[in-house]
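J.: One structure is given below, represented as structure tokens, and several questions about it will come after.
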Amino acid sequence: MIDILEWLSATTPAVALRRSGTLYMFVNAAHILAIGLLLGAILPLDLRLAGFFRKVPVEIVAPFLSRSAGVGLAAAILTGFCLFSVRAVEYAGNPAFLTKLGLIALGILNLSIVHLGQGWKMVLSLGIVRPDLRFSAALSAAIWIAAVIAGRWIGFL
């Protein structure tokens with residue numbers, strides 16, 4: 001595993017990021033913006049699904065917010081991987097980074113279960129939020145907030 005991580009840190013993009021503070025700054029800023037898009041979309045959706053803002057028609061906002069969160073997630077993963085490559089061996093041993101990865105995996109699992117379930121289809125077609133979906137939404141909000149906290153924790157270890 002160490003060999004793969006060392007290879008990753010020696011790739012052209014990783015070396016370029018290490019050598020250019022400006023490039024690193026732009027990728028880091030893109031990562032922060034992607035996280036902002038993810039959380040800026042998923043938290044309002046989760047809150048609506050959890051029972052807040054009941055006057056907002058969930059069947060109208062859910063598709064847009066879900067897709068926006070998906071774009072944010074994809075961009076955060078891509079930029080995060082680039083940032084990881086700069087110090088892959090070090091990050092792979094960082095407990096906060098490993099916690100963040102676990103939380104992201106849990107968040108993706110939760111959203112997969114939600115999107116493949118009947119509750120999501122019912123939200124989109126009828127605007128009805130079932131209790132199991134309310135629980136999944138509350139869990140989602142907690143997971144993604146915890147992932148951001150774990151991400152901030154990385155720099156302190």
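Chain labels follow the order of the structure tokens: the first chain is A, the next B, and so on; residue numbering restarts at 1 in every chain, and ligands are counted from 1 in their shown order.
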Find the residues of range 23-87 of chain A that sit at most 10 Å from range 129-132 of chain A; for each, write down the nearest two atoms and how far apart they are in Å, to one decimal. Count only C-alpha atoms. Sort by chain, then by number going up, and give it as CSV.

T.:
```
residue,atom,partner,partner_atom,distance
A:Arg48,CA,A:Val129,CA,9.3
A:Leu49,CA,A:Val129,CA,6.4
A:Ala50,CA,A:Val129,CA,8.3
A:Gly51,CA,A:Val129,CA,8.3
A:Val58,CA,A:Val129,CA,8.4
A:Glu59,CA,A:Val129,CA,9.6
```

J.: Could you please take those selected residues and save C-alpha atoms as a PDB file, in the first residue's frame?

T.:
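Result went into again-v4.pdb, see below:
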```
ATOM      1  CA  ARG A  48     -36.956  19.854   4.356  1.00  0.00           C
ATOM      2  CA  LEU A  49     -37.118  16.056   4.295  1.00  0.00           C
ATOM      3  CA  ALA A  50     -36.707  15.939   8.088  1.00  0.00           C
ATOM      4  CA  GLY A  51     -39.851  18.039   8.495  1.00  0.00           C
ATOM      5  CA  VAL A  58     -40.443  19.111  -1.580  1.00  0.00           C
ATOM      6  CA  GLU A  59     -41.259  17.561  -4.960  1.00  0.00           C
TER       7      GLU A  59
END
```

J.: Please, which residues in range 40-127 of chain A fall within 8 Å of range 3-23 of chain A when counting only C-alpha atoms, and what is the closest atom pair and distance in Å to one decimal for each, ordered by chain then residue number, as CSV?

T.:
```
residue,atom,partner,partner_atom,distance
A:Cys82,CA,A:Ala14,CA,6.8
A:Leu83,CA,A:Ala14,CA,7.8
A:Ser85,CA,A:Ser9,CA,5.0
A:Val86,CA,A:Ala14,CA,4.9
A:Arg87,CA,A:Ser9,CA,6.2
A:Ala88,CA,A:Leu5,CA,5.4
A:Val89,CA,A:Leu5,CA,5.5
```

J.: Those same residues, written as a PDB file, in the first residue's frame with all heavy atoms?

T.:
```
ATOM      1  N   CYS A  82      -6.937  15.172  -5.510  1.00  0.00           N
ATOM      2  CA  CYS A  82      -5.746  15.930  -5.929  1.00  0.00           C
ATOM      3  C   CYS A  82      -4.960  16.416  -4.716  1.00  0.00           C
ATOM      4  O   CYS A  82      -3.724  16.289  -4.670  1.00  0.00           O
ATOM      5  CB  CYS A  82      -6.152  17.119  -6.803  1.00  0.00           C
ATOM      6  SG  CYS A  82      -6.793  16.663  -8.421  1.00  0.00           S
ATOM      7  N   LEU A  83      -5.658  16.956  -3.734  1.00  0.00           N
ATOM      8  CA  LEU A  83      -4.991  17.437  -2.521  1.00  0.00           C
ATOM      9  C   LEU A  83      -4.367  16.283  -1.739  1.00  0.00           C
ATOM     10  O   LEU A  83      -3.260  16.404  -1.206  1.00  0.00           O
ATOM     11  CB  LEU A  83      -5.976  18.212  -1.645  1.00  0.00           C
ATOM     12  CG  LEU A  83      -6.516  19.507  -2.258  1.00  0.00           C
ATOM     13  CD1 LEU A  83      -7.639  20.076  -1.391  1.00  0.00           C
ATOM     14  CD2 LEU A  83      -5.407  20.524  -2.473  1.00  0.00           C
ATOM     15  N   SER A  85      -3.159  13.581  -2.970  1.00  0.00           N
ATOM     16  CA  SER A  85      -1.983  13.073  -3.685  1.00  0.00           C
ATOM     17  C   SER A  85      -0.698  13.808  -3.306  1.00  0.00           C
ATOM     18  O   SER A  85       0.387  13.256  -3.438  1.00  0.00           O
ATOM     19  CB  SER A  85      -2.206  13.155  -5.198  1.00  0.00           C
ATOM     20  OG  SER A  85      -2.143  14.502  -5.655  1.00  0.00           O
ATOM     21  N   VAL A  86      -0.814  15.021  -2.830  1.00  0.00           N
ATOM     22  CA  VAL A  86       0.358  15.819  -2.476  1.00  0.00           C
ATOM     23  C   VAL A  86       1.130  15.180  -1.324  1.00  0.00           C
ATOM     24  O   VAL A  86       2.361  15.156  -1.320  1.00  0.00           O
ATOM     25  CB  VAL A  86      -0.066  17.266  -2.132  1.00  0.00           C
ATOM     26  CG1 VAL A  86       1.087  18.067  -1.569  1.00  0.00           C
ATOM     27  CG2 VAL A  86      -0.648  17.932  -3.359  1.00  0.00           C
ATOM     28  N   ARG A  87       0.396  14.653  -0.344  1.00  0.00           N
ATOM     29  CA  ARG A  87       1.013  14.015   0.827  1.00  0.00           C
ATOM     30  C   ARG A  87       0.257  12.735   1.173  1.00  0.00           C
ATOM     31  O   ARG A  87      -0.205  12.552   2.295  1.00  0.00           O
ATOM     32  CB  ARG A  87       1.001  14.983   2.013  1.00  0.00           C
ATOM     33  CG  ARG A  87       1.810  16.233   1.756  1.00  0.00           C
ATOM     34  CD  ARG A  87       2.035  17.114   2.946  1.00  0.00           C
ATOM     35  NE  ARG A  87       0.933  17.184   3.884  1.00  0.00           N
ATOM     36  CZ  ARG A  87       0.539  18.284   4.496  1.00  0.00           C
ATOM     37  NH1 ARG A  87       1.142  19.413   4.253  1.00  0.00           N
ATOM     38  NH2 ARG A  87      -0.447  18.268   5.348  1.00  0.00           N
ATOM     39  N   ALA A  88       0.160  11.848   0.205  1.00  0.00           N
ATOM     40  CA  ALA A  88      -0.673  10.650   0.349  1.00  0.00           C
ATOM     41  C   ALA A  88      -0.259   9.767   1.522  1.00  0.00           C
ATOM     42  O   ALA A  88      -1.116   9.297   2.276  1.00  0.00           O
ATOM     43  CB  ALA A  88      -0.654   9.845  -0.955  1.00  0.00           C
ATOM     44  N   VAL A  89       1.020   9.535   1.686  1.00  0.00           N
ATOM     45  CA  VAL A  89       1.486   8.656   2.770  1.00  0.00           C
ATOM     46  C   VAL A  89       1.132   9.260   4.123  1.00  0.00           C
ATOM     47  O   VAL A  89       0.626   8.571   5.011  1.00  0.00           O
ATOM     48  CB  VAL A  89       3.005   8.395   2.659  1.00  0.00           C
ATOM     49  CG1 VAL A  89       3.520   7.620   3.865  1.00  0.00           C
ATOM     50  CG2 VAL A  89       3.329   7.652   1.363  1.00  0.00           C
TER      51      VAL A  89
END
```

J.: With only C-alpha atoms as the basis for distance, which of A:Ala75, A:Ile154, A:Val27, A:Ile145 is at the shortest distance from Ala92 in chain A?

T.: A:Ile154

J.: Between A:Val148, A:Ile108, A:Ala62, A:Leu73, which has the minimum distance to Met122 in chain A (counting only C-alpha atoms)?

T.: A:Ala62

J.: With distances taken over only C-alpha atoms, which of A:Leu139, A:Pro95, A:Tyr24, A:Leu103 is nearest to Leu157 in chain A?

T.: A:Pro95

J.: Of the candidates A:Leu43, A:Phe64, A:Ile143, A:Ile2, which one gets nearest to Leu109 in chain A if we count only C-alpha atoms?

T.: A:Ile143

J.: Skipping near chain neighbours, those fewer than 5 positions away, what residues fall within 12 Å of range 32-34 of chain A using only C-alpha atoms, listed as a list in words?

T.: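 The neighbour list is Met25, Phe26, Val27, Leu39, Gly40, Ala41, Ser68, Ala69, Gly70, Val71, Gly72, Leu73, Ala74, Ala75, Ala76, Ile77, Leu78, Thr79, Gly80, Leu83, Val148, Gly151 and Arg152 of chain A.
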
J.: Under the rule that only C-alpha atoms are counted, which of A:Gly127, A:Gly155, A:Gly93, A:Pro44 is the nearest residue to Ile60 in chain A?

T.: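 Closest candidate: A:Gly127.
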
J.: Using only C-alpha atoms, which residue out of A:Pro57, A:Phe84, A:Leu65, A:Ala105 lies closest to Ile128 in chain A?

T.: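 Between A:Pro57, A:Phe84, A:Leu65, A:Ala105, the residue approaching Ile128 in chain A most closely is A:Pro57.
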
J.: Just list as a list in words whatever in range 104-135 of chain A DSSP marks as helix (DSSP H, G or I).

T.: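 Here is the list: Ile104, Ala105, Leu106, Gly107, Ile108, Leu109, Asn110, Leu111, Ser112, Ile113, Val114, His115, Leu116, Gln118, Gly119, Trp120, Lys121, Met122, Val123, Leu124, Ser125, Leu126, Pro131, Asp132, Leu133, Arg134 and Phe135 of chain A.
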
J.: For Ala138 in chain A, please output as a VMD selection string all residues within 8 Å (counting only C-alpha atoms; exclusion window: fewer than 3 positions along the same chain).

T.: chain A and resid 46 to 47 50 134 to 135 141 to 142

J.: Generate a file of the selected residues that holds N, CA and C atoms, formatted as a PDB file, in the first residue's frame.

T.:
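Final output, again-v2.pdb:
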```pdb
ATOM      1  N   ASP A  46     -32.034  18.077   3.337  1.00  0.00           N
ATOM      2  CA  ASP A  46     -32.188  17.231   4.525  1.00  0.00           C
ATOM      3  C   ASP A  46     -33.157  17.850   5.528  1.00  0.00           C
ATOM      4  N   LEU A  47     -33.028  19.149   5.742  1.00  0.00           N
ATOM      5  CA  LEU A  47     -33.938  19.813   6.678  1.00  0.00           C
ATOM      6  C   LEU A  47     -35.384  19.737   6.194  1.00  0.00           C
ATOM      7  N   ALA A  50     -36.576  16.254   6.664  1.00  0.00           N
ATOM      8  CA  ALA A  50     -36.707  15.939   8.088  1.00  0.00           C
ATOM      9  C   ALA A  50     -37.935  16.583   8.722  1.00  0.00           C
ATOM     10  N   ARG A 134     -37.424  10.655   6.621  1.00  0.00           N
ATOM     11  CA  ARG A 134     -37.123  11.726   7.583  1.00  0.00           C
ATOM     12  C   ARG A 134     -35.888  11.361   8.412  1.00  0.00           C
ATOM     13  N   PHE A 135     -35.842  10.123   8.858  1.00  0.00           N
ATOM     14  CA  PHE A 135     -34.698   9.649   9.643  1.00  0.00           C
ATOM     15  C   PHE A 135     -33.421   9.693   8.814  1.00  0.00           C
ATOM     16  N   ALA A 141     -27.680  14.820   7.335  1.00  0.00           N
ATOM     17  CA  ALA A 141     -27.189  16.116   7.809  1.00  0.00           C
ATOM     18  C   ALA A 141     -26.081  15.925   8.841  1.00  0.00           C
ATOM     19  N   ALA A 142     -26.280  15.015   9.769  1.00  0.00           N
ATOM     20  CA  ALA A 142     -25.274  14.767  10.797  1.00  0.00           C
ATOM     21  C   ALA A 142     -23.979  14.219  10.195  1.00  0.00           C
TER      22      ALA A 142
END
```
